[in-house]
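Text of protein24.cif, listed as mmCIF, C-alpha atoms:
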```
data_coords
#
loop_
_atom_site.group_PDB
_atom_site.id
_atom_site.type_symbol
_atom_site.label_atom_id
_atom_site.label_comp_id
_atom_site.auth_asym_id
_atom_site.auth_seq_id
_atom_site.Cartn_x
_atom_site.Cartn_y
_atom_site.Cartn_z
ATOM 1 C CA MET A 18 93.720 157.575 -5.500
ATOM 2 C CA PRO A 19 90.037 158.586 -5.687
ATOM 3 C CA GLY A 20 87.811 156.972 -8.277
ATOM 4 C CA PHE A 21 85.995 158.688 -11.126
ATOM 5 C CA TRP A 22 82.572 158.850 -9.459
ATOM 6 C CA SER A 23 83.955 160.233 -6.200
ATOM 7 C CA ARG A 24 85.626 163.027 -8.215
ATOM 8 C CA VAL A 25 82.309 163.712 -10.000
ATOM 9 C CA ARG A 26 80.508 164.105 -6.668
ATOM 10 C CA GLU A 27 83.175 166.487 -5.368
ATOM 11 C CA ALA A 28 83.546 168.557 -8.561
ATOM 12 C CA LYS A 29 82.749 172.287 -8.578
ATOM 13 C CA GLY A 30 82.579 174.932 -11.333
ATOM 14 C CA ALA A 31 85.595 174.612 -13.612
ATOM 15 C CA ASP A 32 86.129 171.045 -12.416
ATOM 16 C CA TRP A 33 82.959 170.037 -14.283
ATOM 17 C CA ARG A 34 84.371 171.363 -17.550
ATOM 18 C CA ARG A 35 87.608 169.480 -16.981
ATOM 19 C CA LEU A 36 85.707 166.270 -16.218
ATOM 20 C CA LEU A 37 83.548 166.766 -19.296
ATOM 21 C CA ASP A 38 86.654 167.289 -21.442
ATOM 22 C CA LYS A 39 88.151 164.060 -20.129
ATOM 23 C CA LEU A 40 84.918 162.159 -20.639
ATOM 24 C CA LEU A 41 84.410 163.445 -24.189
ATOM 25 C CA CYS A 42 87.994 162.655 -25.185
ATOM 26 C CA HIS A 43 87.676 159.110 -23.939
ATOM 27 C CA ALA A 44 84.250 158.746 -25.594
ATOM 28 C CA ALA A 45 85.745 159.983 -28.887
ATOM 29 C CA ILE A 46 88.425 157.317 -28.669
ATOM 30 C CA VAL A 47 85.874 154.573 -28.027
ATOM 31 C CA LEU A 48 83.454 155.684 -30.759
ATOM 32 C CA SER A 49 86.238 156.241 -33.286
ATOM 33 C CA GLY A 50 87.620 152.821 -32.477
ATOM 34 C CA MET A 51 84.177 151.360 -33.116
ATOM 35 C CA LEU A 52 83.998 153.116 -36.494
ATOM 36 C CA ALA A 53 87.443 151.843 -37.428
ATOM 37 C CA VAL A 54 86.433 148.288 -36.472
ATOM 38 C CA PHE A 55 83.205 148.580 -38.496
ATOM 39 C CA PHE A 56 85.255 149.776 -41.452
ATOM 40 C CA LEU A 57 87.655 146.853 -41.190
ATOM 41 C CA ILE A 58 84.865 144.301 -40.679
ATOM 42 C CA ASP A 59 83.041 145.711 -43.701
ATOM 43 C CA ARG A 60 86.213 145.298 -45.794
ATOM 44 C CA VAL A 61 86.487 141.615 -44.797
ATOM 45 C CA ASN A 62 82.815 140.626 -44.710
ATOM 46 C CA LYS A 63 80.755 142.518 -47.311
ATOM 47 C CA HIS A 64 77.505 140.780 -46.284
ATOM 48 C CA MET A 65 77.346 142.585 -42.949
ATOM 49 C CA SER A 66 76.899 145.910 -44.817
ATOM 50 C CA PHE A 67 77.866 148.265 -42.003
ATOM 51 C CA MET A 68 78.740 150.895 -44.562
ATOM 52 C CA THR A 69 77.413 150.879 -48.110
ATOM 53 C CA ASN A 70 79.013 153.823 -49.925
ATOM 54 C CA GLU A 71 82.770 153.442 -50.610
ATOM 55 C CA PHE A 72 83.448 157.202 -50.377
ATOM 56 C CA HIS A 73 81.561 157.380 -47.070
ATOM 57 C CA LYS A 74 83.602 154.465 -45.751
ATOM 58 C CA ARG A 75 86.908 156.165 -46.476
ATOM 59 C CA ILE A 76 85.840 159.543 -45.076
ATOM 60 C CA THR A 77 84.463 157.915 -41.916
ATOM 61 C CA PHE A 78 87.647 155.916 -41.442
ATOM 62 C CA ALA A 79 89.765 159.057 -41.822
ATOM 63 C CA LEU A 80 87.520 160.874 -39.330
ATOM 64 C CA ALA A 81 87.872 158.011 -36.859
ATOM 65 C CA LEU A 82 91.667 158.068 -37.105
ATOM 66 C CA MET A 83 91.805 161.851 -36.688
ATOM 67 C CA ALA A 84 89.455 161.756 -33.697
ATOM 68 C CA VAL A 85 91.608 159.143 -31.963
ATOM 69 C CA TYR A 86 94.763 161.148 -32.662
ATOM 70 C CA LEU A 87 93.269 164.442 -31.435
ATOM 71 C CA ALA A 88 91.679 162.881 -28.351
ATOM 72 C CA VAL A 89 94.934 161.211 -27.334
ATOM 73 C CA ARG A 90 96.824 164.492 -27.827
ATOM 74 C CA ARG A 91 94.220 166.345 -25.737
ATOM 75 C CA ILE A 92 94.428 163.787 -22.921
ATOM 76 C CA ALA A 93 98.237 163.927 -22.970
ATOM 77 C CA ALA A 94 98.181 167.741 -22.842
ATOM 78 C CA ALA A 95 95.756 167.710 -19.909
ATOM 79 C CA ARG A 96 97.896 165.228 -17.995
ATOM 80 C CA ARG A 97 101.034 167.233 -18.728
ATOM 81 C CA SER A 98 99.314 170.392 -17.502
ATOM 82 C CA GLU A 99 98.151 168.704 -14.296
ATOM 83 C CA ARG A 100 101.641 167.312 -13.694
ATOM 84 C CA ASP A 101 103.232 170.735 -14.265
ATOM 85 C CA ASP A 102 100.726 172.403 -11.916
ATOM 86 C CA TYR A 103 101.482 169.821 -9.238
ATOM 87 C CA ARG A 104 105.242 170.311 -9.634
ATOM 88 C CA ARG A 105 104.855 174.101 -9.490
ATOM 89 C CA LYS A 106 102.813 173.865 -6.282
ATOM 90 C CA LEU A 107 105.341 171.456 -4.787
ATOM 91 C CA ARG A 108 108.226 173.772 -5.692
ATOM 92 C CA ASN A 109 106.435 176.762 -4.126
ATOM 93 C CA TYR A 110 105.646 174.730 -1.015
ATOM 94 C CA LYS A 111 109.286 173.692 -0.632
ATOM 95 C CA LYS A 112 110.396 177.325 -1.010
ATOM 96 C CA THR A 113 107.981 178.595 1.631
ATOM 97 C CA THR A 114 108.843 175.818 4.108
ATOM 98 C CA SER A 115 112.601 176.232 3.648
ATOM 99 C CA GLU A 116 112.390 180.008 4.265
ATOM 100 C CA GLU A 117 110.741 179.553 7.646
#
```
Spit out the file's structure as structure tokens when you get a sec.
Amino acid sequence: MPGFWSRVREAKGADWRRLLDKLLCHAAIVLSGMLAVFFLIDRVNKHMSFMTNEFHKRITFALALMAVYLAVRRIAAARRSERDDYRRKLRNYKKTTSEE
């Protein structure tokens, strides 16, 4: 299975958008996870003062949870679409080879 950087070098046109979508979804998960950790650390250790306004803390935490949820759904949908495309191509290939 080719690695990420080899796919980046070989990407063309629409492939770049797909790669960017994957990258942004994974980046959203990482950054949202960081925000959630900062929120939890700030709840336990007030002296670190990652977040100072209580309302801002709650809104940021909600945003982080929503971003993780949406990014995971987007990744799952992309994988499902790729799997379905592969199965469709395989089915069509089997039909054409069996007819010959």
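Interatomic distance, atom CA of A:Tyr103 against atom CA of A:Leu41: 23.6 Å.
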A:Ala84 environment, 7 Å, all atoms listed in the file, sequence neighbours closer than 4 positions dropped, as a ChimeraX atom specification | /A:45-46,49,80,88
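Counting all atoms listed in the file, the residue from A:His64, A:Trp33, A:Ala81, A:Glu27 that sits nearest to A:Leu52 is A:Ala81.
Here atom CA of A:Leu87 is placed at a distance of 24.7 Å from atom CA of A:Phe67.
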Provide the atom CA of A:Met68 to atom CA of A:Ala44 distance in Å, to one decimal place.
-> 21.3 Å
Expected selection from the PyMOL selection byres ((chain A and resi 92) around 12), given as an MDAnalysis selection string = chainID A and resid 35:46 85:91 93:99
Which one of A:Arg105, A:Phe56, A:Tyr110, A:Arg100 sits closest to A:Glu71 if you count only C-alpha atoms?
-> A:Phe56
Once 8 Å is added on each side, what centre and edge lengths in Å to one decimal does the axis-aligned box around all listed atoms of stretch 81-94 of chain A have, as lines of an AutoDock Vina configuration file?
```
center_x = 93.1
center_y = 162.9
center_z = -30.0
size_x = 26.4
size_y = 25.7
size_z = 30.3
```
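What the PyMOL selection byres ((chain A and resi 78) around 10) grabs from this file is Ser49, Gly50, Leu52, Ala53, Val54, Phe55, Phe56, Leu57, Phe72, His73, Lys74, Arg75, Ile76, Thr77, Ala79, Leu80, Ala81, Leu82, Met83 and Ala84 of chain A.
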